[in-house]
Amino acid sequence: MKNDSLTPDNFILNLPEDRQLKLQKLREVIKQNLPKGFEETMNYGMIGYVVPHSIYPDGYHCDPSMPFPFINIASQKNHITVYHLGMYAQPKLLEWFLDEFKKFSPKKPNMGKSCIRFSKTQEIPYQLIGELASKLKPLEWIAIYESQTRKK
């Protein structure tokens, strides 16, 4: 679902009504749990939580003019998606998430390398997503990122 909104508020207002409450609740739980230093923004057509240039002037290696991404949330045609780059970069965090997810659902999560897709939006484990958002501080995330990108 293409959404050209320039602010998170407008992004949510431009969603179908059935998705607005789910994305707003997801946004709130992330903001409540995200460590200090991350900023909410729009990037890649999604609501993003990033390490701003004021903390990490190098920005994202794919496009240094962009702040360094951490979490994004999106409403797509068939699901709501949470992108958490830390799970892709930190296998222990992914393992933790998979173990904890079992407490919220008997099903295996629908995941890609850094994304968690929720086709049934009533099954979004908001508490777990909030806890996941709290697991890395900006400087920890930068250290993980640099340890992996500097190797290449």
# chains A, B, ... in the order shown; residues from 1 in each chain; ligands from 1
>>> select_by_dssp(residues="stretch 2-146 of chain A", states="helix (DSSP H, G or I)", output="number ranges by chain")
A: 8-13, 17-33, 85-89, 91-101, 121-123, 126-133, 138-146
>>> residues_around(residues="stretch 30-36 of chain A", least_positions_apart="5", cutoff="7 Å", atoms="only C-alpha atoms", output="PyMOL selection string")
chain A and resi 130-131+133-134+137
>>> closest_atom_pairs(of="stretch 17-67 of chain A", to="stretch 72-91 of chain A", cutoff="10 Å", atoms="only C-alpha atoms", output="Markdown table")
| residue | atom | partner | partner_atom | distance |
| --- | --- | --- | --- | --- |
| A:Arg19 | CA | A:Ser75 | CA | 7.3 |
| A:Gln20 | CA | A:Ser75 | CA | 9.2 |
| A:Lys22 | CA | A:Ile80 | CA | 8.5 |
| A:Leu23 | CA | A:Ser75 | CA | 7.6 |
| A:Leu26 | CA | A:Ile73 | CA | 8.1 |
| A:Arg27 | CA | A:Ile73 | CA | 7.8 |
| A:Ile30 | CA | A:Ile73 | CA | 9.7 |
| A:Glu40 | CA | A:Asn72 | CA | 9.3 |
| A:Thr41 | CA | A:Asn72 | CA | 9.3 |
| A:Met42 | CA | A:Asn72 | CA | 8.7 |
| A:Asn43 | CA | A:Asn72 | CA | 8.1 |
| A:Tyr44 | CA | A:Asn72 | CA | 8.7 |
| A:Gly45 | CA | A:Ala74 | CA | 8.1 |
| A:Met46 | CA | A:Ala74 | CA | 5.3 |
| A:Ile47 | CA | A:Ile73 | CA | 5.4 |
| A:Gly48 | CA | A:Asn72 | CA | 4.2 |
| A:Tyr49 | CA | A:Asn72 | CA | 6.2 |
| A:Val50 | CA | A:Asn72 | CA | 8.6 |
>>> atom_distance(atom1="atom CA of A:Lys135", atom2="atom CA of A:Asn10")
28.0 Å
>>> select_by_dssp(residues="stretch 3-151 of chain A", states="strand (DSSP E or B)", output="ChimeraX atom specification")
/A:36,38-43,46-51,60,63,68-76,79-84,110-111,115-118
>>> atom_distance(atom1="atom CA of A:Asp58", atom2="atom CA of A:Ile71")
18.0 Å
>>> closest_residue(among="A:Arg117, A:Pro138, A:Val29, A:Phe101", to="A:Ile55", atoms="only C-alpha atoms")
A:Pro138
>>> residues_around(residues="A:Gly59", least_positions_apart="4", cutoff="12 Å", atoms="only C-alpha atoms", output="PyMOL selection string")
chain A and resi 50-55+63-70+142+145-146
>>> closest_residue(among="A:Leu21, A:Leu6, A:Ile129, A:Ala143", to="A:Cys115", atoms="only C-alpha atoms")
A:Ile129
>>> decode(residues="stretch 4-148 of chain A", atoms="C-alpha atoms", output="compact mmCIF listing (two decimals), in the first residue's frame")
# COMPACT_ATOMS: atom_id res chain seq x y z
CA ASP A 4 3.33 9.22 0.55
CA SER A 5 2.67 10.88 3.90
CA LEU A 6 5.36 13.18 5.27
CA THR A 7 4.51 12.69 8.96
CA PRO A 8 3.64 9.66 11.09
CA ASP A 9 0.28 11.22 12.01
CA ASN A 10 -0.66 11.70 8.35
CA PHE A 11 0.63 8.23 7.53
CA ILE A 12 -1.86 6.72 9.97
CA LEU A 13 -4.72 9.02 8.90
CA ASN A 14 -4.21 7.91 5.27
CA LEU A 15 -4.65 4.23 6.12
CA PRO A 16 -7.91 2.32 5.81
CA GLU A 17 -9.94 2.77 8.97
CA ASP A 18 -9.46 -0.84 10.11
CA ARG A 19 -5.68 -0.35 10.08
CA GLN A 20 -5.52 3.06 11.78
CA LEU A 21 -6.11 1.83 15.34
CA LYS A 22 -3.70 -1.09 14.95
CA LEU A 23 -0.87 1.09 13.60
CA GLN A 24 -1.52 3.79 16.18
CA LYS A 25 -1.36 1.26 19.00
CA LEU A 26 1.83 -0.24 17.54
CA ARG A 27 3.33 3.22 17.23
CA GLU A 28 2.47 4.07 20.84
CA VAL A 29 3.89 0.86 22.29
CA ILE A 30 7.14 1.33 20.39
CA LYS A 31 7.46 4.98 21.46
CA GLN A 32 6.76 4.07 25.10
CA ASN A 33 9.48 1.42 25.13
CA LEU A 34 12.14 2.78 22.80
CA PRO A 35 15.30 3.90 24.62
CA LYS A 36 16.16 7.60 24.62
CA GLY A 37 18.11 8.77 21.62
CA PHE A 38 16.04 7.22 18.85
CA GLU A 39 13.76 9.54 16.88
CA GLU A 40 10.49 8.93 15.10
CA THR A 41 10.44 9.94 11.45
CA MET A 42 9.16 8.89 8.06
CA ASN A 43 11.57 6.88 5.94
CA TYR A 44 11.15 4.48 3.05
CA GLY A 45 7.42 5.29 3.04
CA MET A 46 6.97 3.92 6.57
CA ILE A 47 7.02 5.18 10.13
CA GLY A 48 10.62 4.82 11.22
CA TYR A 49 12.62 4.92 14.42
CA VAL A 50 16.16 5.97 13.70
CA VAL A 51 19.44 7.04 15.23
CA PRO A 52 19.52 10.70 14.15
CA HIS A 53 22.51 12.37 12.51
CA SER A 54 23.05 14.32 15.75
CA ILE A 55 24.10 11.04 17.39
CA TYR A 56 25.48 9.22 14.34
CA PRO A 57 26.60 11.76 11.72
CA ASP A 58 27.70 9.04 9.26
CA GLY A 59 24.08 8.09 8.64
CA TYR A 60 23.07 4.91 6.88
CA HIS A 61 25.82 3.44 4.67
CA CYS A 62 23.35 2.82 1.82
CA ASP A 63 22.49 6.53 1.80
CA PRO A 64 24.48 8.67 4.27
CA SER A 65 21.95 11.51 3.92
CA MET A 66 19.45 9.23 5.70
CA PRO A 67 19.56 8.74 9.46
CA PHE A 68 20.57 5.29 10.64
CA PRO A 69 17.42 3.08 10.69
CA PHE A 70 16.45 0.79 13.55
CA ILE A 71 12.71 -0.06 13.44
CA ASN A 72 10.06 0.64 10.81
CA ILE A 73 6.35 -0.12 10.84
CA ALA A 74 4.18 -0.38 7.76
CA SER A 75 0.71 -1.25 6.60
CA GLN A 76 0.92 -3.39 3.51
CA LYS A 77 -1.78 -4.94 1.38
CA ASN A 78 -2.12 -8.20 3.30
CA HIS A 79 -0.44 -7.47 6.62
CA ILE A 80 1.05 -5.04 9.09
CA THR A 81 4.81 -5.34 9.24
CA VAL A 82 7.38 -4.52 11.89
CA TYR A 83 10.93 -4.24 10.55
CA HIS A 84 13.52 -4.58 13.32
CA LEU A 85 17.03 -4.41 11.91
CA GLY A 86 18.54 -5.43 15.24
CA MET A 87 17.09 -8.94 14.90
CA TYR A 88 18.78 -9.30 11.51
CA ALA A 89 22.13 -8.14 12.87
CA GLN A 90 22.00 -9.77 16.30
CA PRO A 91 21.22 -13.53 16.24
CA LYS A 92 20.80 -13.64 20.04
CA LEU A 93 18.06 -11.02 19.81
CA LEU A 94 16.30 -13.02 17.10
CA GLU A 95 16.55 -16.15 19.24
CA TRP A 96 15.11 -14.28 22.23
CA PHE A 97 12.21 -12.99 20.11
CA LEU A 98 11.37 -16.44 18.74
CA ASP A 99 11.37 -17.95 22.24
CA GLU A 100 9.19 -15.15 23.63
CA PHE A 101 6.79 -15.26 20.68
CA LYS A 102 5.76 -18.78 21.75
CA LYS A 103 4.23 -17.24 24.88
CA PHE A 104 1.89 -15.14 22.73
CA SER A 105 0.97 -17.54 19.95
CA PRO A 106 1.07 -21.26 19.24
CA LYS A 107 1.86 -20.43 15.61
CA LYS A 108 5.26 -19.86 14.08
CA PRO A 109 5.77 -16.14 13.34
CA ASN A 110 5.59 -15.04 9.71
CA MET A 111 9.05 -13.53 9.32
CA GLY A 112 11.68 -12.46 6.84
CA LYS A 113 15.28 -11.50 7.68
CA SER A 114 14.32 -8.35 9.57
CA CYS A 115 10.55 -8.28 9.36
CA ILE A 116 7.63 -9.70 11.26
CA ARG A 117 4.38 -9.82 9.27
CA PHE A 118 0.97 -9.88 10.94
CA SER A 119 -1.76 -10.94 8.51
CA LYS A 120 -4.28 -11.23 11.33
CA THR A 121 -3.91 -7.85 12.93
CA GLN A 122 -5.81 -8.95 16.03
CA GLU A 123 -2.84 -11.25 16.76
CA ILE A 124 -0.22 -8.50 17.05
CA PRO A 125 1.61 -9.09 20.36
CA TYR A 126 1.93 -5.43 21.32
CA GLN A 127 3.59 -6.16 24.67
CA LEU A 128 6.24 -8.31 22.97
CA ILE A 129 6.89 -5.70 20.27
CA GLY A 130 7.31 -3.08 23.00
CA GLU A 131 9.81 -5.26 24.81
CA LEU A 132 11.66 -5.93 21.55
CA ALA A 133 11.87 -2.17 20.93
CA SER A 134 13.51 -1.71 24.33
CA LYS A 135 16.31 -4.23 23.84
CA LEU A 136 18.95 -2.04 22.17
CA LYS A 137 20.07 1.49 22.99
CA PRO A 138 21.30 3.74 20.16
CA LEU A 139 25.00 3.38 21.01
CA GLU A 140 24.66 -0.42 21.27
CA TRP A 141 22.91 -0.50 17.90
CA ILE A 142 25.66 1.64 16.35
CA ALA A 143 28.37 -0.67 17.76
CA ILE A 144 26.65 -3.76 16.31
CA TYR A 145 26.20 -2.05 12.95
CA GLU A 146 29.80 -0.83 12.77
CA SER A 147 31.20 -4.22 13.82
CA GLN A 148 29.40 -5.79 10.87
